[in-house]
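To be precise, the following lines are run-v2.cif, and they hold mmCIF, C-alpha atoms.
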```cif
data_coords
loop_
_atom_site.label_atom_id
_atom_site.label_comp_id
_atom_site.auth_asym_id
_atom_site.auth_seq_id
_atom_site.Cartn_x
_atom_site.Cartn_y
_atom_site.Cartn_z
CA TYR A 1 0.00 0.00 0.00
CA SER A 2 1.04 3.64 -0.35
CA MET A 3 1.39 4.11 3.41
CA PRO A 4 4.04 2.30 5.45
CA PRO A 5 2.54 -0.50 7.58
CA ALA A 6 3.61 1.17 10.84
CA ILE A 7 1.64 4.35 10.10
CA PRO A 8 -1.74 3.62 8.49
CA ALA A 9 -3.42 6.38 6.51
CA GLY A 10 -5.74 8.48 8.64
CA ALA A 11 -4.04 7.51 11.90
CA ARG A 12 -3.52 9.99 14.71
CA VAL A 13 0.20 10.46 15.37
CA GLU A 14 2.58 12.27 17.70
CA VAL A 15 5.81 13.86 16.48
CA HIS A 16 9.00 13.03 18.38
CA GLY A 17 12.78 12.98 18.00
CA LEU A 18 13.13 15.96 15.65
CA SER A 19 16.46 17.77 15.99
CA ALA A 20 16.17 20.25 13.10
CA LYS A 21 12.73 21.48 14.19
CA PRO A 22 12.40 20.50 17.86
CA GLU A 23 9.50 22.91 18.30
CA HIS A 24 7.25 20.32 16.63
CA ASN A 25 8.14 17.51 19.04
CA GLY A 26 5.11 16.45 21.07
CA LYS A 27 2.62 17.91 18.59
CA LEU A 28 -0.32 15.79 17.43
CA GLY A 29 -1.70 15.39 13.91
CA ARG A 30 -2.95 12.95 11.31
CA ALA A 31 -1.01 10.91 8.74
CA VAL A 32 -2.45 11.68 5.30
CA SER A 33 0.01 10.51 2.63
CA TYR A 34 3.36 8.87 1.90
CA ASP A 35 6.14 9.98 -0.46
CA HIS A 36 7.81 6.77 -1.69
CA ASN A 37 10.76 8.55 -3.31
CA ARG A 38 11.68 10.46 -0.16
CA GLU A 39 10.33 7.82 2.25
CA ARG A 40 8.45 10.42 4.23
CA VAL A 41 4.97 10.47 5.74
CA GLY A 42 2.82 13.53 5.12
CA VAL A 43 1.31 14.81 8.39
CA HIS A 44 -1.30 17.49 8.98
CA LEU A 45 -0.65 18.79 12.49
CA ASP A 46 -3.50 20.04 14.67
CA SER A 47 -1.63 23.35 14.79
CA GLY A 48 -2.19 23.74 11.05
CA ASP A 49 1.38 22.96 10.00
CA ARG A 50 2.07 20.37 7.28
CA LEU A 51 5.21 18.27 7.55
CA LEU A 52 6.97 15.45 5.70
CA LEU A 53 8.55 13.21 8.35
CA ARG A 54 10.35 9.89 8.64
CA VAL A 55 8.40 7.03 10.15
CA ALA A 56 10.96 6.99 12.98
CA ASN A 57 9.80 10.46 14.00
CA LEU A 58 6.15 9.45 14.37
CA ARG A 59 4.27 7.24 16.79
CA LEU A 60 0.61 6.32 16.95
CA THR A 61 -1.27 8.03 19.76
CA GLN A 62 -2.60 5.73 22.45
CA ASP A 63 -6.06 7.28 22.56
CA GLU A 64 -6.74 6.51 18.90
CA LEU A 65 -4.53 3.47 18.33
CA PRO A 66 -6.49 1.57 15.65
CA ALA A 67 -7.24 -2.11 15.99
CA HIS A 68 -5.69 -4.44 13.40
CA LYS A 69 -8.74 -4.43 11.11
CA GLU A 70 -9.07 -0.68 11.32
CA LYS A 71 -5.45 -0.21 10.27
CA ALA A 72 -6.17 -2.29 7.18
CA VAL A 73 -9.24 -0.19 6.38
CA PHE A 74 -7.25 3.05 6.58
CA ALA A 75 -4.44 1.61 4.48
CA GLN A 76 -6.94 0.33 1.92
CA MET A 77 -8.01 3.87 1.06
CA PHE A 78 -4.56 4.43 -0.43
CA SER A 79 -3.83 2.31 -3.49
CA LYS A 80 -0.64 0.52 -4.47
CA PRO A 81 2.05 2.51 -6.33
CA GLY A 82 1.09 2.94 -9.97
CA ALA A 83 -2.59 2.28 -9.32
CA LEU A 84 -3.61 4.95 -11.80
CA SER A 85 -1.38 3.59 -14.51
CA SER A 86 -2.79 2.83 -17.92
CA GLU A 87 0.67 1.87 -19.16
CA ALA A 88 2.55 -1.42 -18.93
CA ASP A 89 5.51 0.23 -17.19
CA GLY A 90 3.48 0.93 -14.03
CA SER A 91 3.78 4.71 -14.20
CA ALA A 92 1.19 6.65 -12.27
CA ALA A 93 -0.14 8.88 -15.04
CA GLU A 94 -3.84 9.66 -15.22
CA PRO A 95 -5.53 8.32 -18.36
CA THR A 96 -6.27 11.29 -20.62
CA ALA A 97 -7.12 9.70 -23.97
CA PRO A 98 -10.84 8.96 -24.38
CA PRO A 99 -11.75 5.30 -23.87
CA PRO A 100 -12.78 3.17 -26.84
CA PRO A 101 -16.53 2.79 -27.52
CA ALA A 102 -18.18 0.68 -24.85
CA PRO A 103 -19.46 -2.77 -25.91
CA PRO A 104 -23.28 -2.95 -26.25
CA ARG A 105 -25.30 -4.30 -23.34
CA ASP A 106 -26.14 -7.98 -23.80
CA GLY A 107 -29.27 -7.99 -21.59
CA SER A 108 -27.92 -10.50 -19.06
CA GLY A 109 -27.10 -8.06 -16.27
CA SER A 110 -28.92 -7.95 -12.94
CA TRP A 111 -29.15 -4.14 -13.17
CA ASP A 112 -31.04 -4.10 -16.48
CA ASP A 113 -34.12 -1.82 -16.37
CA LEU A 114 -33.24 -0.64 -12.84
CA ASP A 115 -34.28 2.86 -11.79
CA GLU A 116 -35.57 4.85 -8.83
CA GLN A 117 -39.00 3.20 -9.02
CA GLN A 118 -37.54 0.10 -7.35
CA VAL A 119 -36.66 2.27 -4.35
CA MET A 120 -40.15 3.79 -4.28
CA LEU A 121 -41.71 0.33 -3.95
CA SER A 122 -39.78 -0.32 -0.74
CA LEU A 123 -40.40 3.01 1.02
CA SER A 124 -42.21 3.36 4.29
CA GLU A 125 -45.20 5.70 4.42
CA GLU A 126 -43.08 8.38 6.06
CA GLU A 127 -40.32 8.05 3.45
CA ALA A 128 -42.84 8.15 0.62
CA ARG A 129 -44.29 11.39 1.98
CA ALA A 130 -40.78 12.86 2.13
CA VAL A 131 -40.20 11.97 -1.51
CA VAL A 132 -43.54 12.84 -3.14
CA GLY A 133 -44.74 15.52 -0.72
CA ASP A 134 -47.22 15.77 2.10
CA GLY A 135 -49.89 17.74 0.28
CA ALA A 136 -48.40 21.04 1.40
CA GLY A 137 -45.59 21.00 -1.15
CA ALA A 138 -42.89 19.65 1.18
CA THR A 139 -40.65 17.17 -0.64
CA LEU A 140 -37.25 15.61 -0.18
CA SER A 141 -34.73 17.83 -1.91
CA SER A 142 -31.00 18.44 -2.18
CA SER A 143 -28.95 21.50 -3.03
CA THR A 144 -26.23 19.32 -4.59
CA PRO A 145 -26.17 18.09 -8.21
CA SER A 146 -27.58 14.64 -8.87
CA LEU A 147 -25.19 11.68 -8.97
CA GLU A 148 -25.76 11.35 -12.70
CA ALA A 149 -24.81 14.98 -13.34
CA ALA A 150 -21.91 15.05 -10.87
CA LEU A 151 -20.32 11.75 -11.91
CA SER A 152 -20.65 12.26 -15.66
CA SER A 153 -19.17 15.75 -15.32
CA ALA A 154 -16.25 14.46 -13.21
CA VAL A 155 -15.53 11.66 -15.71
CA ARG A 156 -15.67 14.13 -18.59
CA ARG A 157 -13.13 16.36 -16.80
CA ASN A 158 -10.86 13.36 -16.02
CA GLU A 159 -11.35 13.89 -12.29
CA LEU A 160 -12.87 10.41 -12.03
CA THR A 161 -12.20 7.22 -13.98
CA ALA A 162 -15.19 4.86 -14.45
CA PHE A 163 -14.99 1.12 -15.08
CA ALA A 164 -17.79 -1.23 -16.16
CA ASN A 165 -18.15 -5.00 -16.41
CA ALA A 166 -19.35 -4.77 -20.01
CA PRO A 167 -21.46 -6.16 -21.56
CA ARG A 168 -23.48 -7.02 -18.41
CA TYR A 169 -23.16 -3.54 -16.88
CA ASP A 170 -24.17 -4.63 -13.39
CA ARG A 171 -20.97 -3.56 -11.66
CA LEU A 172 -19.56 -0.02 -11.55
CA VAL A 173 -16.19 1.05 -10.15
CA LEU A 174 -14.92 4.61 -9.78
CA SER A 175 -11.42 5.80 -8.96
CA CYS A 176 -9.78 9.15 -8.52
CA LYS A 177 -6.41 10.56 -7.64
CA ARG A 178 -5.99 13.21 -4.99
CA THR A 179 -2.80 15.28 -5.06
CA ASP A 180 -1.63 17.86 -2.55
CA THR A 181 1.69 19.23 -1.33
CA LEU A 182 2.29 16.06 0.68
CA GLY A 183 1.89 13.50 -2.08
CA ASP A 184 -0.63 11.42 -4.03
CA ALA A 185 -3.37 9.03 -2.97
CA THR A 186 -5.78 6.98 -5.08
CA TYR A 187 -9.30 6.15 -3.91
CA THR A 188 -11.34 3.39 -5.54
CA VAL A 189 -14.97 2.52 -4.77
CA GLU A 190 -17.55 0.10 -6.18
CA ALA A 191 -21.30 0.67 -6.34
CA GLY A 192 -23.64 -1.78 -4.63
CA LEU A 193 -27.40 -2.03 -4.28
CA ASP A 194 -30.30 -4.18 -3.16
CA ALA A 195 -33.20 -3.56 -5.54
CA PHE A 196 -35.69 -5.55 -3.45
CA ASP A 197 -35.09 -3.65 -0.20
CA GLY A 198 -34.25 -0.32 -1.83
CA LEU A 199 -30.70 0.01 -0.48
CA GLY A 200 -27.61 1.56 -2.06
CA TRP A 201 -23.98 1.82 -1.00
CA TRP A 202 -20.38 2.38 -2.11
CA THR A 203 -17.57 0.08 -0.97
CA THR A 204 -13.91 1.09 -0.85
CA THR A 205 -11.51 -1.34 -2.53
CA ASP A 206 -7.77 -1.48 -3.10
CA ARG A 207 -7.89 -2.78 -6.68
CA THR A 208 -5.64 -1.05 -9.20
CA HIS A 209 -6.56 -0.33 -12.80
CA ALA A 210 -4.57 -3.41 -13.78
CA ASP A 211 -6.54 -5.49 -11.26
CA LEU A 212 -9.81 -4.25 -12.74
CA ALA A 213 -8.69 -5.03 -16.27
CA SER A 214 -7.75 -8.57 -15.25
CA ASP A 215 -11.24 -8.95 -13.74
CA GLY A 216 -12.82 -8.03 -17.09
CA PHE A 217 -13.63 -4.38 -16.37
CA VAL A 218 -13.27 -1.80 -19.14
CA ARG A 219 -12.87 1.94 -18.84
CA ILE A 220 -15.89 3.90 -20.00
CA GLY A 221 -16.50 7.57 -20.76
CA ALA A 222 -19.18 9.95 -19.55
CA GLU A 223 -21.60 9.14 -22.37
CA ALA A 224 -21.46 5.38 -21.71
CA LEU A 225 -21.77 6.02 -17.98
CA VAL A 226 -25.05 7.87 -18.48
CA ALA A 227 -26.34 5.49 -21.16
CA GLU A 228 -25.59 2.25 -19.30
CA TYR A 229 -25.91 3.34 -15.67
CA GLY A 230 -28.47 6.15 -15.81
CA GLY A 231 -31.15 4.09 -14.06
CA VAL A 232 -28.66 2.83 -11.47
CA MET A 233 -27.51 6.36 -10.70
CA ARG A 234 -31.11 7.52 -10.28
CA PHE A 235 -31.70 4.55 -7.94
CA LEU A 236 -28.63 5.47 -5.89
CA GLU A 237 -29.52 9.17 -5.99
CA LEU A 238 -32.88 8.57 -4.34
CA CYS A 239 -31.21 6.36 -1.73
CA ARG A 240 -28.62 9.11 -1.18
CA ARG A 241 -31.27 11.74 -0.54
CA LEU A 242 -33.11 9.46 1.87
CA GLY A 243 -29.82 8.89 3.70
CA PRO A 244 -28.84 6.12 6.14
CA PRO A 245 -29.75 3.31 6.48
CA ARG A 246 -30.86 3.30 2.82
CA TYR A 247 -27.53 4.76 1.69
CA THR A 248 -24.16 4.00 3.25
CA MET A 249 -20.40 3.79 2.75
CA LYS A 250 -18.66 0.45 3.35
CA THR A 251 -15.17 -1.04 3.25
CA ALA A 252 -14.28 -4.30 1.51
CA LEU A 253 -11.88 -5.38 4.26
CA ASP A 254 -14.37 -4.99 7.10
CA PRO A 255 -18.11 -5.12 6.26
CA GLU A 256 -18.87 -4.52 9.95
CA ALA A 257 -16.59 -1.50 10.29
CA LYS A 258 -17.33 0.72 13.27
CA PRO A 259 -18.89 4.16 12.70
CA HIS A 260 -15.67 6.05 13.44
CA VAL A 261 -13.87 4.00 10.77
CA ILE A 262 -16.59 4.82 8.22
CA ALA A 263 -16.28 8.46 9.27
CA VAL A 264 -12.59 8.36 8.26
CA VAL A 265 -13.55 6.82 4.90
CA GLU A 266 -16.14 9.57 4.39
CA ARG A 267 -13.65 12.27 5.33
CA LEU A 268 -11.14 10.99 2.77
CA CYS A 269 -13.85 10.84 0.10
CA ALA A 270 -14.99 14.35 1.03
CA ALA A 271 -11.51 15.65 0.22
CA SER A 272 -11.53 14.09 -3.25
CA ALA A 273 -13.60 13.97 -6.44
CA LEU A 274 -15.69 11.25 -4.75
CA ARG A 275 -17.32 13.82 -2.47
CA CYS A 276 -20.51 13.70 -4.54
CA LEU A 277 -21.06 10.11 -3.42
CA LEU A 278 -21.56 11.07 0.22
CA SER A 279 -25.05 11.17 1.70
CA CYS A 280 -26.41 14.64 2.36
CA GLU A 281 -25.78 14.14 6.09
CA ALA A 282 -22.18 12.99 5.60
CA ALA A 283 -21.46 15.77 3.11
CA ALA A 284 -22.68 18.36 5.64
CA ALA A 285 -20.64 16.75 8.44
CA HIS A 286 -17.43 16.88 6.43
CA ALA A 287 -18.05 20.19 4.67
CA SER A 288 -15.39 21.89 6.71
#
```
Would you encode the structure as structure tokens?
Amino acid sequence: YSMPPAIPAGARVEVHGLSAKPEHNGKLGRAVSYDHNRERVGVHLDSGDRLLLRVANLRLTQDELPAHKEKAVFAQMFSKPGALSSEADGSAAEPTAPPPPAPPRDGSGSWDDLDEQQVMLSLSEEEARAVVGDGAGATLSSSTPSLEAALSSAVRRNELTAFANAPRYDRLVLSCKRTDTLGDATYTVEAGLDAFDGLGWWTTTDRTHADLASDGFVRIGAEALVAEYGGVMRFLELCRRLGPPRYTMKTALDPEAKPHVIAVVERLCAASALRCLLSCEAAAAHAS
């Protein structure tokens, strides 16, 4: 993974043993990235400072020392080196050339003909009133763009890369690269849903582009995303506006992850092009 095993991504850390800048010793912060070339961990200190430090100058704080599974979840949010590579040499360049035309749907997928109506059939009376109105004009609404608009726009701008299991089109994976002064991180998520119960979710995964290709996924553009997954995105959009428990974030390594672990996942997504996937509640919680 992109983070060293001793310091999982998202972990709370304490700085110690610095001789060049001893004024930072004892300060607390959060590990956010790892520079492989310089072998340094990027740390955002609570004081507002940003540092690149050796692992030897960091230790996990006792009050937030993650359990073994939680360490794996944090590390999973950062992909392996070269995860964004579309080249055989493993370089980490973002794909910029448009993808080839997507294969036609063969009609065998479990998401064929799926749309928001499947969610409507599973709603409680209270949820239905929130969606369609209570007779006084009150309806469930959102000030954010729909998933369909946000995702297709992000793919078109190369902020997100979309992958489909063509020609079935009943799996959808999104990945993005976040870059700041402390280094690069790649986030990858897969859509999931339960049409019968009206549930939708996104699951973090550590698969690289090469992993996805070996699993039969193909990269698709914005037009194919809308054409093949329009109904799915409307299904997930309604779940998103209804919020938990109809719409959640998950992690592949720990399906029963504790709420504070999911909160870290949401915070990392909120700082990337995946922010549009967050529920309205989560987006508001991580707006700052």
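Going from CA of Ala166 (chain A) over to CA of Trp202 (chain A), you cover 19.3 Å.
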Exercise. Within 9 Å of region 97-105 of chain A, counting all atoms listed in the file, which residues qualify if same-chain residues fewer than 3 places away don't, as a VMD selection string?
Worked result: chain A and resid 108 to 109 112 164 166 to 169 218 to 221 224 228
Problem set entry | 10 Å contact set for Glu223 (chain A), all atoms listed in the file, chain neighbours under 6 positions out, as a ChimeraX atom specification | /A:101-102,152-153,155-156,229-230
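The list of residues with at least one atom within 6 Å of region 251-254 of chain A, based on only C-alpha atoms and without residues fewer than 5 positions apart in the same chain, reads Thr203, Thr204 and Thr205 of chain A.
Distances from A:Leu45, A:Cys176, A:Val13, A:Val264 to Ala285 (chain A) were compared using all atoms listed in the file, and the smallest one belongs to A:Val264.
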Quick one: apply the PyMOL selection byres ((chain A and resi 187) around 8) to the file and drop the selected residues here as a CSV table (one decimal) with C-alpha atoms, in the frame of the given file.
```csv
chain,number,residue,atom,x,y,z
A,77,MET,CA,-8.0,3.9,1.1
A,78,PHE,CA,-4.6,4.4,-0.4
A,79,SER,CA,-3.8,2.3,-3.5
A,175,SER,CA,-11.4,5.8,-9.0
A,176,CYS,CA,-9.8,9.2,-8.5
A,177,LYS,CA,-6.4,10.6,-7.6
A,178,ARG,CA,-6.0,13.2,-5.0
A,185,ALA,CA,-3.4,9.0,-3.0
A,186,THR,CA,-5.8,7.0,-5.1
A,188,THR,CA,-11.3,3.4,-5.5
A,189,VAL,CA,-15.0,2.5,-4.8
A,204,THR,CA,-13.9,1.1,-0.8
A,205,THR,CA,-11.5,-1.3,-2.5
A,206,ASP,CA,-7.8,-1.5,-3.1
A,269,CYS,CA,-13.8,10.8,0.1
```
Starting from the shown file, work through the PyMOL selection byres ((chain A and resi 39) around 10) and note down what comes out as a CSV table (one decimal) with C-alpha atoms, keeping the file's coordinate frame.
```
chain,number,residue,atom,x,y,z
A,3,MET,CA,1.4,4.1,3.4
A,4,PRO,CA,4.0,2.3,5.4
A,34,TYR,CA,3.4,8.9,1.9
A,35,ASP,CA,6.1,10.0,-0.5
A,36,HIS,CA,7.8,6.8,-1.7
A,37,ASN,CA,10.8,8.6,-3.3
A,38,ARG,CA,11.7,10.5,-0.2
A,40,ARG,CA,8.4,10.4,4.2
A,41,VAL,CA,5.0,10.5,5.7
A,42,GLY,CA,2.8,13.5,5.1
A,52,LEU,CA,7.0,15.4,5.7
A,53,LEU,CA,8.6,13.2,8.4
A,54,ARG,CA,10.4,9.9,8.6
A,55,VAL,CA,8.4,7.0,10.2
```
For this session: To one decimal in Å, tell me the separation between CA of Gly29 (chain A) and CA of His16 (chain A).
Result: 11.8 Å
Exercise. Which residues come within 8 Å of Phe196 (chain A), counting all atoms listed in the file, excluding same-chain residues fewer than 4 positions away, as number ranges by chain?
Worked result: A: 118-119, 122
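Compared by their closest atoms to Leu242 (chain A), and using all atoms listed in the file, the residues A:Asp113, A:Glu281, A:Glu23, A:Asp106 rank with A:Glu281 nearest.
Here CA of Ala222 (chain A) and CA of Gly243 (chain A) stand 25.6 Å from one another.
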Exercise. A:Arg207, A:Arg50, A:Arg59, A:Arg240: which is nearest Gly26 (chain A), counting only C-alpha atoms?
Worked result: A:Arg59
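The environment of Ser124 (chain A) within 12 Å, counting all atoms listed in the file and disregarding residues fewer than 4 places along the same chain, consists of Val119, Met120, Ala128, Arg129, Ala130, Val131, Asp197, Gly198, Leu242 and Arg246 of chain A.
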Exercise. Of the residues A:Leu60, A:Ala20, A:Val261, A:Ala150, which is the one nearest to Leu278 (chain A), using all atoms listed in the file?
Worked result: A:Ala150
Problem set entry | Polymer residues at most 10 Å from (-23.9, -2.0, -5.4) by all atoms listed in the file, as a VMD selection string | chain A and resid 111 170 to 173 190 to 195 199 to 203 232 236
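Using all atoms listed in the file, the smallest distance between any of A:Leu174, A:Leu238, A:Ala213, A:Lys250 and Ala154 (chain A) comes from A:Leu174.
The point (2.3, 16.2, 23.0) has these residues within 8 Å of it when all atoms listed in the file are used: Glu14, Val15, Asn25, Gly26, Lys27 and Leu28 of chain A.
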